[in-house]
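Note: the block below is query.tsv and it holds TSV, N, CA and C atoms.
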chain	number	residue	atom	x	y	z
E	20	LEU	N	2.16	-7.83	-25.39
E	20	LEU	CA	1.85	-8.18	-24.04
E	20	LEU	C	2.82	-9.23	-23.49
E	21	HIS	N	3.29	-10.10	-24.35
E	21	HIS	CA	4.23	-11.12	-23.90
E	21	HIS	C	5.51	-10.47	-23.36
E	22	ALA	N	6.05	-9.50	-24.09
E	22	ALA	CA	7.28	-8.82	-23.65
E	22	ALA	C	7.04	-8.07	-22.34
E	23	LEU	N	5.88	-7.45	-22.21
E	23	LEU	CA	5.56	-6.74	-20.98
E	23	LEU	C	5.43	-7.72	-19.82
E	24	GLY	N	4.82	-8.85	-20.06
E	24	GLY	CA	4.65	-9.87	-19.03
E	24	GLY	C	5.97	-10.38	-18.49
E	25	GLN	N	7.00	-10.41	-19.33
E	25	GLN	CA	8.32	-10.87	-18.88
E	25	GLN	C	9.05	-9.80	-18.06
E	26	ALA	N	8.61	-8.56	-18.17
E	26	ALA	CA	9.27	-7.47	-17.45
E	26	ALA	C	8.58	-7.16	-16.12
E	27	VAL	N	7.49	-7.83	-15.82
E	27	VAL	CA	6.74	-7.57	-14.59
E	27	VAL	C	7.50	-8.11	-13.38
E	28	SER	N	7.52	-7.35	-12.33
E	28	SER	CA	8.14	-7.77	-11.07
E	28	SER	C	7.04	-8.34	-10.17
E	29	LEU	N	6.79	-9.62	-10.29
E	29	LEU	CA	5.67	-10.25	-9.58
E	29	LEU	C	5.79	-10.14	-8.07
E	30	GLY	N	6.99	-10.12	-7.55
E	30	GLY	CA	7.17	-10.01	-6.11
E	30	GLY	C	6.77	-8.66	-5.54
E	31	ALA	N	6.57	-7.67	-6.40
E	31	ALA	CA	6.22	-6.33	-5.93
E	31	ALA	C	4.72	-6.09	-5.86
E	32	ILE	N	3.92	-7.04	-6.33
E	32	ILE	CA	2.47	-6.90	-6.32
E	32	ILE	C	1.97	-7.06	-4.88
E	33	HIS	N	0.94	-6.32	-4.52
E	33	HIS	CA	0.48	-6.28	-3.11
E	33	HIS	C	0.08	-7.64	-2.55
E	34	ASP	N	-0.39	-8.56	-3.39
E	34	ASP	CA	-0.81	-9.87	-2.89
E	34	ASP	C	0.06	-11.00	-3.44
E	35	SER	N	1.30	-10.70	-3.74
E	35	SER	CA	2.21	-11.68	-4.32
E	35	SER	C	2.55	-12.79	-3.33
E	36	SER	N	2.55	-14.02	-3.83
E	36	SER	CA	2.95	-15.15	-2.98
E	36	SER	C	4.45	-15.11	-2.70
E	37	GLU	N	5.21	-14.35	-3.49
E	37	GLU	CA	6.65	-14.20	-3.26
E	37	GLU	C	6.94	-13.38	-2.00
E	38	ARG	N	5.96	-12.66	-1.51
E	38	ARG	CA	6.14	-11.84	-0.30
E	38	ARG	C	5.34	-12.42	0.86
E	39	TYR	N	5.11	-13.72	0.88
E	39	TYR	CA	4.26	-14.32	1.91
E	39	TYR	C	5.07	-14.70	3.14
E	40	PRO	N	4.61	-14.38	4.31
E	40	PRO	CA	3.48	-13.49	4.58
E	40	PRO	C	3.91	-12.03	4.46
E	41	PRO	N	3.06	-11.20	3.91
E	41	PRO	CA	3.44	-9.79	3.76
E	41	PRO	C	3.42	-9.08	5.11
E	42	PRO	N	4.21	-8.02	5.24
E	42	PRO	CA	4.16	-7.25	6.48
E	42	PRO	C	2.82	-6.54	6.58
E	43	LYS	N	2.21	-6.57	7.75
E	43	LYS	CA	0.92	-5.90	7.95
E	43	LYS	C	0.88	-5.30	9.34
E	44	CYS	N	0.03	-4.32	9.51
E	44	CYS	CA	-0.20	-3.73	10.83
E	44	CYS	C	-1.19	-4.59	11.59
E	45	HIS	N	-0.96	-4.73	12.87
E	45	HIS	CA	-1.99	-5.30	13.74
E	45	HIS	C	-3.17	-4.33	13.67
E	46	PRO	N	-4.41	-4.82	13.66
E	46	PRO	CA	-5.57	-3.93	13.48
E	46	PRO	C	-5.64	-2.74	14.45
E	47	GLU	N	-5.07	-2.86	15.63
E	47	GLU	CA	-5.16	-1.78	16.62
E	47	GLU	C	-3.90	-0.93	16.69
E	48	THR	N	-3.02	-1.03	15.69
E	48	THR	CA	-1.79	-0.23	15.70
E	48	THR	C	-1.78	0.75	14.54
E	49	ARG	N	-1.02	1.80	14.70
E	49	ARG	CA	-0.83	2.82	13.67
E	49	ARG	C	-2.17	3.36	13.15
E	50	VAL	N	-3.13	3.43	14.04
E	50	VAL	CA	-4.50	3.80	13.68
E	50	VAL	C	-4.56	5.23	13.12
E	51	LYS	N	-3.87	6.18	13.75
E	51	LYS	CA	-3.94	7.58	13.31
E	51	LYS	C	-3.38	7.76	11.90
E	52	VAL	N	-2.22	7.18	11.64
E	52	VAL	CA	-1.62	7.37	10.31
E	52	VAL	C	-2.43	6.63	9.24
E	53	ARG	N	-2.95	5.45	9.56
E	53	ARG	CA	-3.78	4.74	8.58
E	53	ARG	C	-5.07	5.50	8.30
E	54	LYS	N	-5.66	6.09	9.33
E	54	LYS	CA	-6.88	6.88	9.13
E	54	LYS	C	-6.57	8.12	8.29
E	55	LEU	N	-5.45	8.77	8.55
E	55	LEU	CA	-5.04	9.95	7.78
E	55	LEU	C	-4.89	9.59	6.30
E	56	ILE	N	-4.23	8.48	6.03
E	56	ILE	CA	-4.02	8.06	4.64
E	56	ILE	C	-5.35	7.71	3.97
E	57	MET	N	-6.21	6.95	4.66
E	57	MET	CA	-7.49	6.57	4.07
E	57	MET	C	-8.39	7.78	3.84
E	58	ASN	N	-8.36	8.76	4.73
E	58	ASN	CA	-9.12	9.99	4.50
E	58	ASN	C	-8.62	10.71	3.26
E	59	TRP	N	-7.30	10.73	3.06
E	59	TRP	CA	-6.73	11.36	1.87
E	59	TRP	C	-7.17	10.61	0.61
E	60	ILE	N	-7.16	9.28	0.66
E	60	ILE	CA	-7.56	8.47	-0.49
E	60	ILE	C	-9.03	8.70	-0.83
E	61	ARG	N	-9.87	8.76	0.17
E	61	ARG	CA	-11.32	8.90	-0.06
E	61	ARG	C	-11.74	10.32	-0.42
E	62	ASN	N	-10.86	11.29	-0.24
E	62	ASN	CA	-11.18	12.69	-0.51
E	62	ASN	C	-11.27	12.91	-2.02
E	63	PRO	N	-12.43	13.36	-2.53
E	63	PRO	CA	-12.55	13.58	-3.97
E	63	PRO	C	-11.73	14.77	-4.48
E	64	ASN	N	-11.35	15.68	-3.59
E	64	ASN	CA	-10.57	16.86	-3.97
E	64	ASN	C	-9.41	17.07	-3.00
E	65	PRO	N	-8.41	16.18	-3.03
E	65	PRO	CA	-7.29	16.34	-2.09
E	65	PRO	C	-6.47	17.59	-2.42
E	66	THR	N	-5.81	18.13	-1.41
E	66	THR	CA	-4.98	19.31	-1.63
E	66	THR	C	-3.69	18.95	-2.36
E	67	SER	N	-3.33	17.68	-2.37
E	67	SER	CA	-2.14	17.20	-3.07
E	67	SER	C	-2.47	15.89	-3.76
E	68	SER	N	-1.88	15.66	-4.92
E	68	SER	CA	-2.13	14.41	-5.64
E	68	SER	C	-1.16	13.31	-5.21
E	69	ILE	N	-0.22	13.64	-4.33
E	69	ILE	CA	0.75	12.66	-3.84
E	69	ILE	C	0.76	12.70	-2.31
E	70	PHE	N	0.70	11.52	-1.70
E	70	PHE	CA	0.84	11.40	-0.25
E	70	PHE	C	2.19	10.74	-0.02
E	71	TRP	N	3.08	11.45	0.61
E	71	TRP	CA	4.44	10.96	0.81
E	71	TRP	C	4.58	10.45	2.24
E	72	LEU	N	4.77	9.14	2.39
E	72	LEU	CA	5.00	8.55	3.70
E	72	LEU	C	6.49	8.27	3.82
E	73	TYR	N	7.13	8.85	4.81
E	73	TYR	CA	8.57	8.65	4.96
E	73	TYR	C	8.92	8.41	6.42
E	74	GLY	N	10.06	7.81	6.62
E	74	GLY	CA	10.55	7.53	7.96
E	74	GLY	C	11.80	6.69	7.87
E	75	SER	N	12.44	6.51	8.99
E	75	SER	CA	13.66	5.71	9.06
E	75	SER	C	13.38	4.25	8.73
E	76	ALA	N	14.43	3.53	8.39
E	76	ALA	CA	14.29	2.10	8.11
E	76	ALA	C	13.76	1.38	9.34
E	77	GLY	N	12.83	0.49	9.12
E	77	GLY	CA	12.31	-0.35	10.20
E	77	GLY	C	11.19	0.24	11.03
E	78	VAL	N	10.68	1.42	10.67
E	78	VAL	CA	9.61	2.02	11.48
E	78	VAL	C	8.22	1.53	11.09
E	79	GLY	N	8.10	0.81	9.98
E	79	GLY	CA	6.81	0.23	9.61
E	79	GLY	C	6.12	0.81	8.40
E	80	LYS	N	6.85	1.54	7.56
E	80	LYS	CA	6.23	2.13	6.37
E	80	LYS	C	5.62	1.07	5.47
E	81	THR	N	6.35	0.00	5.21
E	81	THR	CA	5.85	-1.06	4.34
E	81	THR	C	4.64	-1.75	4.96
E	82	ALA	N	4.66	-1.99	6.25
E	82	ALA	CA	3.52	-2.61	6.93
E	82	ALA	C	2.29	-1.72	6.84
E	83	ILE	N	2.47	-0.43	7.04
E	83	ILE	CA	1.36	0.51	6.94
E	83	ILE	C	0.77	0.48	5.53
E	84	LEU	N	1.63	0.59	4.54
E	84	LEU	CA	1.13	0.66	3.16
E	84	LEU	C	0.60	-0.67	2.66
E	85	GLN	N	1.11	-1.78	3.17
E	85	GLN	CA	0.53	-3.09	2.83
E	85	GLN	C	-0.90	-3.16	3.38
E	86	SER	N	-1.07	-2.71	4.61
E	86	SER	CA	-2.41	-2.69	5.21
E	86	SER	C	-3.35	-1.77	4.44
E	87	ILE	N	-2.84	-0.62	4.03
E	87	ILE	CA	-3.64	0.33	3.23
E	87	ILE	C	-4.01	-0.30	1.89
E	88	ALA	N	-3.05	-0.94	1.22
E	88	ALA	CA	-3.32	-1.58	-0.07
E	88	ALA	C	-4.41	-2.64	0.06
E	89	GLU	N	-4.34	-3.44	1.11
E	89	GLU	CA	-5.35	-4.48	1.31
E	89	GLU	C	-6.72	-3.87	1.61
E	90	GLN	N	-6.75	-2.80	2.40
E	90	GLN	CA	-8.02	-2.15	2.70
E	90	GLN	C	-8.60	-1.51	1.44
E	91	CYS	N	-7.77	-0.85	0.66
E	91	CYS	CA	-8.24	-0.23	-0.58
E	91	CYS	C	-8.75	-1.28	-1.57
E	92	TYR	N	-8.06	-2.39	-1.65
E	92	TYR	CA	-8.49	-3.48	-2.53
E	92	TYR	C	-9.87	-3.98	-2.10
E	93	ALA	N	-10.06	-4.16	-0.81
E	93	ALA	CA	-11.34	-4.66	-0.28
E	93	ALA	C	-12.47	-3.65	-0.49
E	94	GLU	N	-12.15	-2.36	-0.45
E	94	GLU	CA	-13.18	-1.31	-0.57
E	94	GLU	C	-13.35	-0.79	-1.99
E	95	GLY	N	-12.58	-1.29	-2.95
E	95	GLY	CA	-12.72	-0.85	-4.33
E	95	GLY	C	-11.98	0.43	-4.68
E	96	TYR	N	-11.05	0.86	-3.84
E	96	TYR	CA	-10.26	2.06	-4.11
E	96	TYR	C	-8.90	1.73	-4.72
E	97	PHE	N	-8.58	0.49	-4.81
E	97	PHE	CA	-7.22	0.07	-5.19
E	97	PHE	C	-6.90	0.43	-6.63
E	98	GLY	N	-5.78	1.12	-6.83
E	98	GLY	CA	-5.35	1.47	-8.16
E	98	GLY	C	-4.12	0.69	-8.57
E	99	GLY	N	-3.20	0.51	-7.67
E	99	GLY	CA	-1.98	-0.22	-7.95
E	99	GLY	C	-0.98	-0.04	-6.83
E	100	SER	N	0.04	-0.86	-6.85
E	100	SER	CA	1.08	-0.77	-5.83
E	100	SER	C	2.36	-1.36	-6.36
E	101	PHE	N	3.45	-0.99	-5.74
E	101	PHE	CA	4.75	-1.58	-6.05
E	101	PHE	C	5.55	-1.59	-4.77
E	102	PHE	N	5.77	-2.76	-4.22
E	102	PHE	CA	6.52	-2.89	-2.97
E	102	PHE	C	7.93	-3.37	-3.28
E	103	PHE	N	8.93	-2.70	-2.68
E	103	PHE	CA	10.31	-3.13	-2.86
E	103	PHE	C	11.08	-2.92	-1.59
Starting from the coordinates I provided, produce the structure as structure tokens.
Amino acid sequence: LHALGQAVSLGAIHDSSERYPPPKCHPETRVKVRKLIMNWIRNPNPTSSIFWLYGSAGVGKTAILQSIAEQCYAEGYFGGSFFF
């Protein structure tokens, strides 16, 4: 465990102090895409096991997924994340 602990990228964790303040969506923005992602997460039988969010640099992918990670953590759906 010690060797593994030294290889961890602490700045990539969803609530890392190294990323403070993390990018987040304003509560009233990107509502459709956040709802789409949360519906996929909550679906017990999704049609795909991977949800691929893509877009040009600067369009808000990290902010969307940071908001999703925080919501999942609060609701008990959180499995893990890696932000880079």
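Note that atom CA of Val52 of chain E and atom CA of Gly99 of chain E are 19.8 Å apart.
Residues surrounding Gly98 of chain E within 8 Å are Ala88, Cys91 and Tyr92 of chain E [only N, CA and C atoms; sequence separation below 4 positions excluded].
Going from atom CA of Tyr96 of chain E over to atom CA of Ala82 of chain E, you cover 18.3 Å.
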- Query: What does the distance between atom CA of Gln90 of chain E and atom CA of Asn64 of chain E come to in Å, to one decimal place?
  - Reply: 20.3 Å
Quick one: what's the axis-aligned box for segment 83-102 of chain E, all listed atoms, 5 Å on every side, centre and edges in Å to one decimal, as AutoDock Vina command-line options?
--center_x -2.7 --center_y -1.3 --center_z -0.8 --size_x 31.3 --size_y 16.7 --size_z 25.6
- Task: Using DSSP on the backbone, list every residue of chain E that comes out as alpha helix (DSSP H), and give them as number ranges by chain.
- Result: E: 21-26, 50-61, 80-94
- Would you kindly return, as number ranges by chain, each protein, DNA or RNA residue with an atom no farther than 6 Å from any atom of Pro42 of chain E, considering all atoms listed in the file and excluding same-chain residues fewer than 6 positions away? E: 81-82, 85-86
Residues at most 12 Å from Leu84 of chain E, counting only C-alpha atoms, excluding those fewer than 5 positions away in the same chain, as an mmCIF file with N, CA and C atoms, in the frame of the given file?
data_model
loop_
_atom_site.group_PDB
_atom_site.id
_atom_site.type_symbol
_atom_site.label_atom_id
_atom_site.label_comp_id
_atom_site.auth_asym_id
_atom_site.auth_seq_id
_atom_site.Cartn_x
_atom_site.Cartn_y
_atom_site.Cartn_z
ATOM 1 N N HIS E 33 0.940 -6.320 -4.520
ATOM 2 C CA HIS E 33 0.480 -6.280 -3.110
ATOM 3 C C HIS E 33 0.080 -7.640 -2.550
ATOM 4 N N PRO E 41 3.060 -11.200 3.910
ATOM 5 C CA PRO E 41 3.440 -9.790 3.760
ATOM 6 C C PRO E 41 3.420 -9.080 5.110
ATOM 7 N N PRO E 42 4.210 -8.020 5.240
ATOM 8 C CA PRO E 42 4.160 -7.250 6.480
ATOM 9 C C PRO E 42 2.820 -6.540 6.580
ATOM 10 N N LYS E 43 2.210 -6.570 7.750
ATOM 11 C CA LYS E 43 0.920 -5.900 7.950
ATOM 12 C C LYS E 43 0.880 -5.300 9.340
ATOM 13 N N CYS E 44 0.030 -4.320 9.510
ATOM 14 C CA CYS E 44 -0.200 -3.730 10.830
ATOM 15 C C CYS E 44 -1.190 -4.590 11.590
ATOM 16 N N ARG E 49 -1.020 1.800 14.700
ATOM 17 C CA ARG E 49 -0.830 2.820 13.670
ATOM 18 C C ARG E 49 -2.170 3.360 13.150
ATOM 19 N N VAL E 52 -2.220 7.180 11.640
ATOM 20 C CA VAL E 52 -1.620 7.370 10.310
ATOM 21 C C VAL E 52 -2.430 6.630 9.240
ATOM 22 N N ARG E 53 -2.950 5.450 9.560
ATOM 23 C CA ARG E 53 -3.780 4.740 8.580
ATOM 24 C C ARG E 53 -5.070 5.500 8.300
ATOM 25 N N LYS E 54 -5.660 6.090 9.330
ATOM 26 C CA LYS E 54 -6.880 6.880 9.130
ATOM 27 C C LYS E 54 -6.570 8.120 8.290
ATOM 28 N N ILE E 56 -4.230 8.480 6.030
ATOM 29 C CA ILE E 56 -4.020 8.060 4.640
ATOM 30 C C ILE E 56 -5.350 7.710 3.970
ATOM 31 N N MET E 57 -6.210 6.950 4.660
ATOM 32 C CA MET E 57 -7.490 6.570 4.070
ATOM 33 C C MET E 57 -8.390 7.780 3.840
ATOM 34 N N PHE E 70 0.700 11.520 -1.700
ATOM 35 C CA PHE E 70 0.840 11.400 -0.250
ATOM 36 C C PHE E 70 2.190 10.740 -0.020
ATOM 37 N N TRP E 71 3.080 11.450 0.610
ATOM 38 C CA TRP E 71 4.440 10.960 0.810
ATOM 39 C C TRP E 71 4.580 10.450 2.240
ATOM 40 N N LEU E 72 4.770 9.140 2.390
ATOM 41 C CA LEU E 72 5.000 8.550 3.700
ATOM 42 C C LEU E 72 6.490 8.270 3.820
ATOM 43 N N TYR E 73 7.130 8.850 4.810
ATOM 44 C CA TYR E 73 8.570 8.650 4.960
ATOM 45 C C TYR E 73 8.920 8.410 6.420
ATOM 46 N N VAL E 78 10.680 1.420 10.670
ATOM 47 C CA VAL E 78 9.610 2.020 11.480
ATOM 48 C C VAL E 78 8.220 1.530 11.090
ATOM 49 N N GLY E 79 8.100 0.810 9.980
ATOM 50 C CA GLY E 79 6.810 0.230 9.610
ATOM 51 C C GLY E 79 6.120 0.810 8.400
ATOM 52 N N GLU E 89 -4.340 -3.440 1.110
ATOM 53 C CA GLU E 89 -5.350 -4.480 1.310
ATOM 54 C C GLU E 89 -6.720 -3.870 1.610
ATOM 55 N N GLN E 90 -6.750 -2.800 2.400
ATOM 56 C CA GLN E 90 -8.020 -2.150 2.700
ATOM 57 C C GLN E 90 -8.600 -1.510 1.440
ATOM 58 N N CYS E 91 -7.770 -0.850 0.660
ATOM 59 C CA CYS E 91 -8.240 -0.230 -0.580
ATOM 60 C C CYS E 91 -8.750 -1.280 -1.570
ATOM 61 N N TYR E 92 -8.060 -2.390 -1.650
ATOM 62 C CA TYR E 92 -8.490 -3.480 -2.530
ATOM 63 C C TYR E 92 -9.870 -3.980 -2.100
ATOM 64 N N PHE E 97 -8.580 0.490 -4.810
ATOM 65 C CA PHE E 97 -7.220 0.070 -5.190
ATOM 66 C C PHE E 97 -6.900 0.430 -6.630
ATOM 67 N N GLY E 99 -3.200 0.510 -7.670
ATOM 68 C CA GLY E 99 -1.980 -0.220 -7.950
ATOM 69 C C GLY E 99 -0.980 -0.040 -6.830
ATOM 70 N N SER E 100 0.040 -0.860 -6.850
ATOM 71 C CA SER E 100 1.080 -0.770 -5.830
ATOM 72 C C SER E 100 2.360 -1.360 -6.360
ATOM 73 N N PHE E 101 3.450 -0.990 -5.740
ATOM 74 C CA PHE E 101 4.750 -1.580 -6.050
ATOM 75 C C PHE E 101 5.550 -1.590 -4.770
ATOM 76 N N PHE E 102 5.770 -2.760 -4.220
ATOM 77 C CA PHE E 102 6.520 -2.890 -2.970
ATOM 78 C C PHE E 102 7.930 -3.370 -3.280
ATOM 79 N N PHE E 103 8.930 -2.700 -2.680
ATOM 80 C CA PHE E 103 10.310 -3.130 -2.860
ATOM 81 C C PHE E 103 11.080 -2.920 -1.590
#
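Candidate residues E:Pro46, E:Gly77, E:Ile87, E:Leu20 were compared for distance to Arg61 of chain E, and the nearest is E:Ile87, using only C-alpha atoms.
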